[in-house]
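Student: Got a structure here, written out as structure tokens. Questions coming.
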Number of protein chains: 2
Amino acid sequence: MKSKQTASRKRPSVAEALAQEIFSGEYQPGDFVPREIDLCERFALNRSAVRSDLRQLVDAGIIERISGHGSKVREYSEWNILDAQVTEWMTRYAAPNPGVQREILAFRLDVEPYVAMTAAKHATAHDLVAIEEAFNGMGSDLDDPDSHNSGRLHSDYDIAFHVAIFKATHNIVWSQLSHILRPSILLLIETSNVSADDPAESLERHRLLMESIRARRPRDAFRASQAVLAGTASALGLEIPDTPLGHSAELLSET
Amino acid sequence: MKSKQTASRKRPSVAEALAQEIFSGEYQPGDFVPREIDLCERFALNRSAVRSDLRQLVDAGIIERISGHGSKVREYSEWNILDAQVTEWMTRYAAPNPGVQREILAFRLDVEPYVAMTAAKHATAHDLVAIEEAFNGMGSDLDDPDSHNSGRLHSDYDIAFHVAIFKATHNIVWSQLSHILRPSILLLIETSNVSADDPAESLERHRLLMESIRARRPRDAFRASQAVLAGTASALGLEIPDTPLGHSAELLSET
DNA sequence: ACGCTGGCATATGTAGAACATTTCGACAAG
DNA sequence: CTTGTCGAAATGTTCTACATATGCCAGCGT
């Protein structure tokens, strides 16, 4: 074998470790992370590798590098939450502060019925297959709950279901925005697991949403999506009527 | 003054030059850009700098690096248009293909009335000042058209006006999404300059939108925003009723 | 005593060389 | 025709050396 010790895993990944420490609150906005040389020693890496990883955090807007001084953690509001890497870290480790998490969820509640509406107009057969496969995954998970960890798999299918709807809009912006769903979906699932939400009812709401899109009925899809969100969001104490959609939804239902 | 020659420009910036060539269509999806060594020679830089710049393009999703082979331009749909750097390049150089540009505009037409609606609910006095300052800039530009380039300054104020509304939602996602406004606003302005759109009428529509937000009337802000978009979007041959907002707007006006 | 200035220590930024790894194609053996 | 091996070419990684920016503080002058 080669003399490298990389056999275990590719790299310790400084960015990953630092991200975990920052997300867990060990380093808070305004704090300075250890300097490059210390990170080199700690992870047994050269400076180039460390700097490369630090640049990831800079691109994510998480840290700010001050020449000749150090790397400072930036305010949460300055983090680039549209970056796919950031949302991935938010799913793996919980969001650092609940405020950001709640704002993302509020955004989702605002736009997702719209997305469902647009998907009902533009979805192709291929899109419907993707949606259905994700839905079936959610269903099989309900019927046959794995002993070790049922929620883990369920969340993957849940995410895939909603992402498929975003992609069915055939709009590049909506498609790429589907990244920010992951953290809030996981948050909803964790909370709904705590609360006494019937999984069967949730699944039925998802089914209605899927059928509305398949039948090309935008308004039904709009309302069905709202129902899906309301079912789980209520467990978080969030009030749907507070969002703009609350008003337009009522109006839509009158027609 | 400092001894730096930054007055002209900091660096030749390989990323900037390559981006221009890619956006102009000189390199198209599937093509391979010159290899690192050639870029080093062409820009008189070392490999570290070239690779650093190439990584920018990778993060933007514009190119894909294949180990031992080269750097390939990716499909337009894979470009990360949520990246601020990409939208900046789209404003400086035109978007490579009109399809992406149109989809971004469609997204804007979808959500911007919503954003205005939310801004009317959550805007603070500070936000209103920012909106008003941008609006005054647009107005002064109309009264006193600079001889050298009037459209250039006007677009800056126009962008600032809409960005201020996005930030007035006090939602981190909407705020950071304001990046994607820039390309489509510039597109609209260029097109409206060609068409015979009365600047005074456009300004009046913006004023109504501002007043609606100031008066905390979400529904008026919704419709005013639609009027602003419709005024310029019609010049592009885009049909507003095709968007989901078209329906809900009609419903809103009935109340 | 106060304030400015210069230099030293520290930390990040940049340049360049050397070596490792991956990919593809050529070519010969089976 | 298939397959194994070698080698050229390009990207990936590591390391060293030097450049630049920042903060601190002693030293000097007013």
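Labels for the structure tokens follow display order: chains A, B, ..., residues from 1 in each chain, ligands from 1.
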Quick one: everything within 9 Å of C:DA11, counting only C-alpha atoms (C1' of nucleotides), minus sequence neighbours fewer than 5 positions away in the same chain. Send it as a ChimeraX atom specification.
Tutor: /A:35-36,67-70 /D:21-22
Student: Go ahead and write the selection's residues with N, CA and C atoms (P, O5', C5', C4', C3', O3' and C1' of nucleotides) as an mmCIF file, in the first residue's frame.
Tutor:
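This is the output file result-v2.cif:
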```
data_model
loop_
_atom_site.group_PDB
_atom_site.id
_atom_site.type_symbol
_atom_site.label_atom_id
_atom_site.label_comp_id
_atom_site.auth_asym_id
_atom_site.auth_seq_id
_atom_site.Cartn_x
_atom_site.Cartn_y
_atom_site.Cartn_z
ATOM 1 N N ARG A 35 -5.857 30.177 14.817
ATOM 2 C CA ARG A 35 -5.126 30.627 13.633
ATOM 3 C C ARG A 35 -4.681 29.442 12.793
ATOM 4 N N GLU A 36 -4.265 29.729 11.580
ATOM 5 C CA GLU A 36 -3.968 28.686 10.600
ATOM 6 C C GLU A 36 -2.965 27.668 11.124
ATOM 7 N N SER A 67 -6.739 40.170 7.352
ATOM 8 C CA SER A 67 -5.313 39.982 7.067
ATOM 9 C C SER A 67 -4.468 40.394 8.262
ATOM 10 N N GLY A 68 -3.581 39.512 8.646
ATOM 11 C CA GLY A 68 -2.668 39.800 9.729
ATOM 12 C C GLY A 68 -3.286 39.753 11.106
ATOM 13 N N HIS A 69 -4.541 39.313 11.182
ATOM 14 C CA HIS A 69 -5.199 39.314 12.495
ATOM 15 C C HIS A 69 -5.824 37.961 12.818
ATOM 16 N N GLY A 70 -6.682 37.472 11.954
ATOM 17 C CA GLY A 70 -7.327 36.192 12.232
ATOM 18 C C GLY A 70 -8.623 36.033 11.464
ATOM 19 P P DA D 21 -0.312 45.667 1.899
ATOM 20 O "O5'" DA D 21 -1.096 45.387 3.255
ATOM 21 C "C5'" DA D 21 -2.104 44.365 3.281
ATOM 22 C "C4'" DA D 21 -2.389 43.969 4.722
ATOM 23 C "C3'" DA D 21 -2.701 45.145 5.650
ATOM 24 O "O3'" DA D 21 -3.874 44.858 6.376
ATOM 25 C "C1'" DA D 21 -1.019 43.767 6.587
ATOM 26 P P DT D 22 -4.694 46.065 7.055
ATOM 27 O "O5'" DT D 22 -4.542 45.765 8.610
ATOM 28 C "C5'" DT D 22 -4.774 44.443 9.088
ATOM 29 C "C4'" DT D 22 -4.128 44.260 10.445
ATOM 30 C "C3'" DT D 22 -4.313 45.430 11.419
ATOM 31 O "O3'" DT D 22 -5.168 45.023 12.457
ATOM 32 C "C1'" DT D 22 -2.107 44.535 11.493
#
```
Student: Do me a favour and pick out the residues of chain C within 10 Å of chain B, using only C-alpha atoms (C1' of nucleotides), as a PyMOL selection string.
Tutor: chain C and resi 14-16+21-24
Student: Generate a file of the selected residues that holds N, CA and C atoms (P, O5', C5', C4', C3', O3' and C1' of nucleotides), formatted as a PDB file, in the first residue's frame.
Tutor:
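Result file follows (result_5.pdb):
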```pdb
ATOM      1  P    DT C  14      -3.819  37.014  -1.874  1.00  0.00           P
ATOM      2  O5'  DT C  14      -2.346  36.625  -2.333  1.00  0.00           O
ATOM      3  C5'  DT C  14      -1.335  37.628  -2.354  1.00  0.00           C
ATOM      4  C4'  DT C  14      -0.044  37.052  -2.895  1.00  0.00           C
ATOM      5  C3'  DT C  14      -0.183  36.186  -4.158  1.00  0.00           C
ATOM      6  O3'  DT C  14       0.718  36.654  -5.138  1.00  0.00           O
ATOM      7  C1'  DT C  14       1.119  35.077  -2.528  1.00  0.00           C
ATOM      8  P    DA C  15       0.627  36.023  -6.616  1.00  0.00           P
ATOM      9  O5'  DA C  15       2.018  35.252  -6.668  1.00  0.00           O
ATOM     10  C5'  DA C  15       3.164  35.878  -6.126  1.00  0.00           C
ATOM     11  C4'  DA C  15       4.370  34.949  -6.207  1.00  0.00           C
ATOM     12  C3'  DA C  15       4.408  34.050  -7.440  1.00  0.00           C
ATOM     13  O3'  DA C  15       5.719  34.088  -7.997  1.00  0.00           O
ATOM     14  C1'  DA C  15       4.560  32.739  -5.470  1.00  0.00           C
ATOM     15  P    DG C  16       5.921  33.503  -9.435  1.00  0.00           P
ATOM     16  O5'  DG C  16       6.609  32.090  -9.169  1.00  0.00           O
ATOM     17  C5'  DG C  16       7.716  32.013  -8.289  1.00  0.00           C
ATOM     18  C4'  DG C  16       7.940  30.585  -7.838  1.00  0.00           C
ATOM     19  C3'  DG C  16       7.857  29.541  -8.959  1.00  0.00           C
ATOM     20  O3'  DG C  16       9.166  29.036  -9.204  1.00  0.00           O
ATOM     21  C1'  DG C  16       6.817  28.806  -6.930  1.00  0.00           C
ATOM     22  P    DT C  21      -0.095   8.880  -4.466  1.00  0.00           P
ATOM     23  O5'  DT C  21      -1.218   9.273  -5.515  1.00  0.00           O
ATOM     24  C5'  DT C  21      -2.149  10.302  -5.179  1.00  0.00           C
ATOM     25  C4'  DT C  21      -3.031  10.618  -6.373  1.00  0.00           C
ATOM     26  C3'  DT C  21      -3.628   9.397  -7.077  1.00  0.00           C
ATOM     27  O3'  DT C  21      -5.030   9.529  -7.063  1.00  0.00           O
ATOM     28  C1'  DT C  21      -2.708  10.926  -8.645  1.00  0.00           C
ATOM     29  P    DT C  22      -5.993   8.296  -7.526  1.00  0.00           P
ATOM     30  O5'  DT C  22      -6.552   8.832  -8.927  1.00  0.00           O
ATOM     31  C5'  DT C  22      -7.140  10.125  -8.995  1.00  0.00           C
ATOM     32  C4'  DT C  22      -7.249  10.576 -10.434  1.00  0.00           C
ATOM     33  C3'  DT C  22      -7.919   9.565 -11.377  1.00  0.00           C
ATOM     34  O3'  DT C  22      -9.013  10.180 -12.008  1.00  0.00           O
ATOM     35  C1'  DT C  22      -5.925  10.419 -12.324  1.00  0.00           C
ATOM     36  P    DT C  23     -10.163   9.276 -12.728  1.00  0.00           P
ATOM     37  O5'  DT C  23      -9.842   9.476 -14.285  1.00  0.00           O
ATOM     38  C5'  DT C  23      -9.778  10.801 -14.817  1.00  0.00           C
ATOM     39  C4'  DT C  23      -9.045  10.789 -16.150  1.00  0.00           C
ATOM     40  C3'  DT C  23      -9.549   9.732 -17.134  1.00  0.00           C
ATOM     41  O3'  DT C  23     -10.298  10.361 -18.158  1.00  0.00           O
ATOM     42  C1'  DT C  23      -7.153   9.972 -17.152  1.00  0.00           C
ATOM     43  P    DC C  24     -11.137   9.490 -19.210  1.00  0.00           P
ATOM     44  O5'  DC C  24     -10.123   9.413 -20.432  1.00  0.00           O
ATOM     45  C5'  DC C  24      -9.489  10.613 -20.885  1.00  0.00           C
ATOM     46  C4'  DC C  24      -8.367  10.258 -21.843  1.00  0.00           C
ATOM     47  C3'  DC C  24      -8.747   9.219 -22.905  1.00  0.00           C
ATOM     48  O3'  DC C  24      -8.406   9.696 -24.187  1.00  0.00           O
ATOM     49  C1'  DC C  24      -6.738   8.598 -21.800  1.00  0.00           C
TER      50       DC C  24
END
```
Student: Restrict the calculation to only C-alpha atoms (C1' of nucleotides), then for each residue of chain D with any atom at most 9 Å from an atom of chain B give the closest atom pair and their distance in Å to one decimal, rows by chain and rising residue number, as CSV.
Tutor:
```
residue,atom,partner,partner_atom,distance
D:DA9,C1',B:Gly68,CA,7.4
D:DA10,C1',B:Gly68,CA,4.1
D:DT11,C1',B:Gly68,CA,4.6
D:DG12,C1',B:Ser67,CA,7.4
```
Student: At what distance in Å, to one decimal, does atom CA of A:Tyr93 lie from atom CA of A:His179?
Tutor: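 Those two atoms sit 15.6 Å apart.
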Student: Excluding B:Gly30 and any residue of its chain fewer than 2 positions from it, enumerate the residues within 12 Å of it, using only C-alpha atoms (C1' of nucleotides), and give them as a PyMOL selection string.
Tutor: chain B and resi 22+25-28+32-33+62-65+70-76
Student: Can you tell me, as a ChimeraX atom specification, what residues are no more than 12 Å from C:DT5 when counting only C-alpha atoms (C1' of nucleotides), ignoring any on the same chain fewer than 3 positions away?
Tutor: /D:25-29
Student: Can you list, as a PyMOL selection string, every residue of stretch 31-255 of chain A that DSSP puts in strand (DSSP E)?
Tutor: chain A and resi 32-33+63-66+70-73
Student: Just C-alpha atoms for this one: save the residues we selected as a CSV table (one decimal), in the first residue's frame.
Tutor:
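Final output, result.csv:
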```
chain,number,residue,atom,x,y,z
A,32,PHE,CA,-12.0,34.3,16.4
A,33,VAL,CA,-11.3,30.7,15.4
A,63,ILE,CA,-16.3,33.6,8.7
A,64,GLU,CA,-14.5,36.7,7.7
A,65,ARG,CA,-10.7,36.8,7.3
A,66,ILE,CA,-8.8,39.8,8.5
A,70,GLY,CA,-7.3,36.2,12.2
A,71,SER,CA,-10.6,34.7,11.1
A,72,LYS,CA,-13.7,36.0,12.8
A,73,VAL,CA,-17.2,34.4,12.9
```
Student: Neighbours of C:DG25 within 12 Å (only C-alpha atoms (C1' of nucleotides); same-chain residues fewer than 4 positions away dropped), as a list in words?
Tutor: DC6, DG7, DA8 and DA9 of chain D
Student: Would you put the residues from that selection into a file with all heavy atoms, as an mmCIF file, in the first residue's frame?
Tutor:
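Saved file out_30.cif follows:
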```cif
data_model
loop_
_atom_site.group_PDB
_atom_site.id
_atom_site.type_symbol
_atom_site.label_atom_id
_atom_site.label_comp_id
_atom_site.auth_asym_id
_atom_site.auth_seq_id
_atom_site.Cartn_x
_atom_site.Cartn_y
_atom_site.Cartn_z
ATOM 1 P P DC D 6 4.096 -2.445 -16.999
ATOM 2 O OP1 DC D 6 5.281 -3.253 -16.639
ATOM 3 O OP2 DC D 6 3.195 -1.935 -15.953
ATOM 4 O "O5'" DC D 6 4.594 -1.212 -17.880
ATOM 5 C "C5'" DC D 6 5.033 -1.444 -19.221
ATOM 6 C "C4'" DC D 6 4.840 -0.182 -20.043
ATOM 7 O "O4'" DC D 6 3.430 0.038 -20.268
ATOM 8 C "C3'" DC D 6 5.393 1.094 -19.386
ATOM 9 O "O3'" DC D 6 6.329 1.723 -20.251
ATOM 10 C "C2'" DC D 6 4.144 1.957 -19.149
ATOM 11 C "C1'" DC D 6 3.168 1.425 -20.197
ATOM 12 N N1 DC D 6 1.735 1.594 -19.830
ATOM 13 C C2 DC D 6 0.852 2.244 -20.730
ATOM 14 O O2 DC D 6 1.296 2.664 -21.801
ATOM 15 N N3 DC D 6 -0.455 2.401 -20.389
ATOM 16 C C4 DC D 6 -0.884 1.931 -19.215
ATOM 17 N N4 DC D 6 -2.186 2.091 -18.929
ATOM 18 C C5 DC D 6 -0.023 1.269 -18.293
ATOM 19 C C6 DC D 6 1.269 1.137 -18.639
ATOM 20 P P DG D 7 7.211 2.891 -19.658
ATOM 21 O OP1 DG D 7 8.532 2.725 -20.309
ATOM 22 O OP2 DG D 7 7.088 2.935 -18.191
ATOM 23 O "O5'" DG D 7 6.537 4.213 -20.251
ATOM 24 C "C5'" DG D 7 6.236 4.290 -21.649
ATOM 25 C "C4'" DG D 7 5.428 5.530 -21.931
ATOM 26 O "O4'" DG D 7 4.043 5.302 -21.524
ATOM 27 C "C3'" DG D 7 5.884 6.789 -21.185
ATOM 28 O "O3'" DG D 7 5.791 7.906 -22.051
ATOM 29 C "C2'" DG D 7 4.878 6.889 -20.047
ATOM 30 C "C1'" DG D 7 3.616 6.381 -20.720
ATOM 31 N N9 DG D 7 2.596 5.896 -19.802
ATOM 32 C C8 DG D 7 2.781 5.144 -18.664
ATOM 33 N N7 DG D 7 1.675 4.848 -18.052
ATOM 34 C C5 DG D 7 0.687 5.447 -18.826
ATOM 35 C C6 DG D 7 -0.715 5.481 -18.662
ATOM 36 O O6 DG D 7 -1.395 4.959 -17.757
ATOM 37 N N1 DG D 7 -1.336 6.196 -19.687
ATOM 38 C C2 DG D 7 -0.689 6.805 -20.726
ATOM 39 N N2 DG D 7 -1.452 7.448 -21.610
ATOM 40 N N3 DG D 7 0.624 6.782 -20.892
ATOM 41 C C4 DG D 7 1.247 6.096 -19.910
ATOM 42 P P DA D 8 6.674 9.168 -21.844
ATOM 43 O OP1 DA D 8 7.855 8.978 -22.714
ATOM 44 O OP2 DA D 8 6.857 9.389 -20.397
ATOM 45 O "O5'" DA D 8 5.793 10.370 -22.434
ATOM 46 C "C5'" DA D 8 5.095 10.180 -23.670
ATOM 47 C "C4'" DA D 8 3.762 10.916 -23.627
ATOM 48 O "O4'" DA D 8 2.858 10.227 -22.726
ATOM 49 C "C3'" DA D 8 3.860 12.357 -23.115
ATOM 50 O "O3'" DA D 8 3.090 13.204 -23.945
ATOM 51 C "C2'" DA D 8 3.299 12.275 -21.702
ATOM 52 C "C1'" DA D 8 2.286 11.156 -21.824
ATOM 53 N N9 DA D 8 2.023 10.455 -20.566
ATOM 54 C C8 DA D 8 2.948 9.905 -19.721
ATOM 55 N N7 DA D 8 2.424 9.317 -18.668
ATOM 56 C C5 DA D 8 1.059 9.513 -18.836
ATOM 57 C C6 DA D 8 -0.053 9.132 -18.050
ATOM 58 N N6 DA D 8 0.055 8.458 -16.906
ATOM 59 N N1 DA D 8 -1.283 9.479 -18.502
ATOM 60 C C2 DA D 8 -1.378 10.151 -19.649
ATOM 61 N N3 DA D 8 -0.408 10.557 -20.470
ATOM 62 C C4 DA D 8 0.797 10.209 -20.000
ATOM 63 P P DA D 9 3.239 14.807 -23.775
ATOM 64 O OP1 DA D 9 3.144 15.391 -25.121
ATOM 65 O OP2 DA D 9 4.412 15.079 -22.912
ATOM 66 O "O5'" DA D 9 1.931 15.217 -22.953
ATOM 67 C "C5'" DA D 9 0.658 14.788 -23.426
ATOM 68 C "C4'" DA D 9 -0.424 15.151 -22.424
ATOM 69 O "O4'" DA D 9 -0.413 14.202 -21.327
ATOM 70 C "C3'" DA D 9 -0.263 16.543 -21.784
ATOM 71 O "O3'" DA D 9 -1.516 17.187 -21.728
ATOM 72 C "C2'" DA D 9 0.236 16.226 -20.383
ATOM 73 C "C1'" DA D 9 -0.475 14.913 -20.105
ATOM 74 N N9 DA D 9 0.159 14.094 -19.072
ATOM 75 C C8 DA D 9 1.490 13.905 -18.857
ATOM 76 N N7 DA D 9 1.767 13.111 -17.854
ATOM 77 C C5 DA D 9 0.522 12.753 -17.374
ATOM 78 C C6 DA D 9 0.119 11.921 -16.306
ATOM 79 N N6 DA D 9 0.975 11.281 -15.508
ATOM 80 N N1 DA D 9 -1.210 11.778 -16.098
ATOM 81 C C2 DA D 9 -2.056 12.428 -16.894
ATOM 82 N N3 DA D 9 -1.798 13.230 -17.932
ATOM 83 C C4 DA D 9 -0.482 13.346 -18.112
#
```
Student: Per DSSP on the backbone, what are the helix (DSSP H, G or I) residues of stretch 14-247 of chain A, as an MDAnalysis selection string?
Tutor: chainID A and resid 14:23 36:43 47:59 76:78 84:92 98:122 125:143 150:168 172:194 199:214 218:236 240:242 244:247
Student: Between B:Phe135, B:Trp89, B:Phe23, B:Phe222, which residue has the minimum interatomic distance to chain A, considering only C-alpha atoms?
Tutor: B:Phe222
Student: I'd like the interatomic distance between atom CA of A:Ser155 and atom CA of A:Arg214, to a tenth of an Å.
Tutor: 22.7 Å
Student: Would you please work out which residue, of A:Leu153, A:Ala44, A:Ala123, A:Leu188, is nearest to A:Gly139 when using only C-alpha atoms?
Tutor: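 Of the candidates, the smallest distance to A:Gly139 is held by A:Leu153.
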Student: Just how far from atom CA of B:His170 is atom CA of A:Pro96, in Å to one decimal?
Tutor: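 Going from atom CA of A:Pro96 over to atom CA of B:His170 covers 18.6 Å.
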Student: Which residue, A:Asp83, A:Glu41, A:Glu133, A:Glu88, has the smallest gap to chain B when you use only C-alpha atoms?
Tutor: A:Asp83
Student: From the list D:DT20, D:DT5, D:DT13, D:DT30, which residue is nearest C:DC19 when using only C-alpha atoms (C1' of nucleotides)?
Tutor: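 Looking only at the distances to C:DC19, the closest residue turns out to be D:DT13.
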Student: For chain A, which residue among B:Ala125, B:Ala227, B:Leu209, B:Ala116 is the nearest when counting only C-alpha atoms?
Tutor: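 Among the listed residues, B:Ala116 lies closest to chain A.
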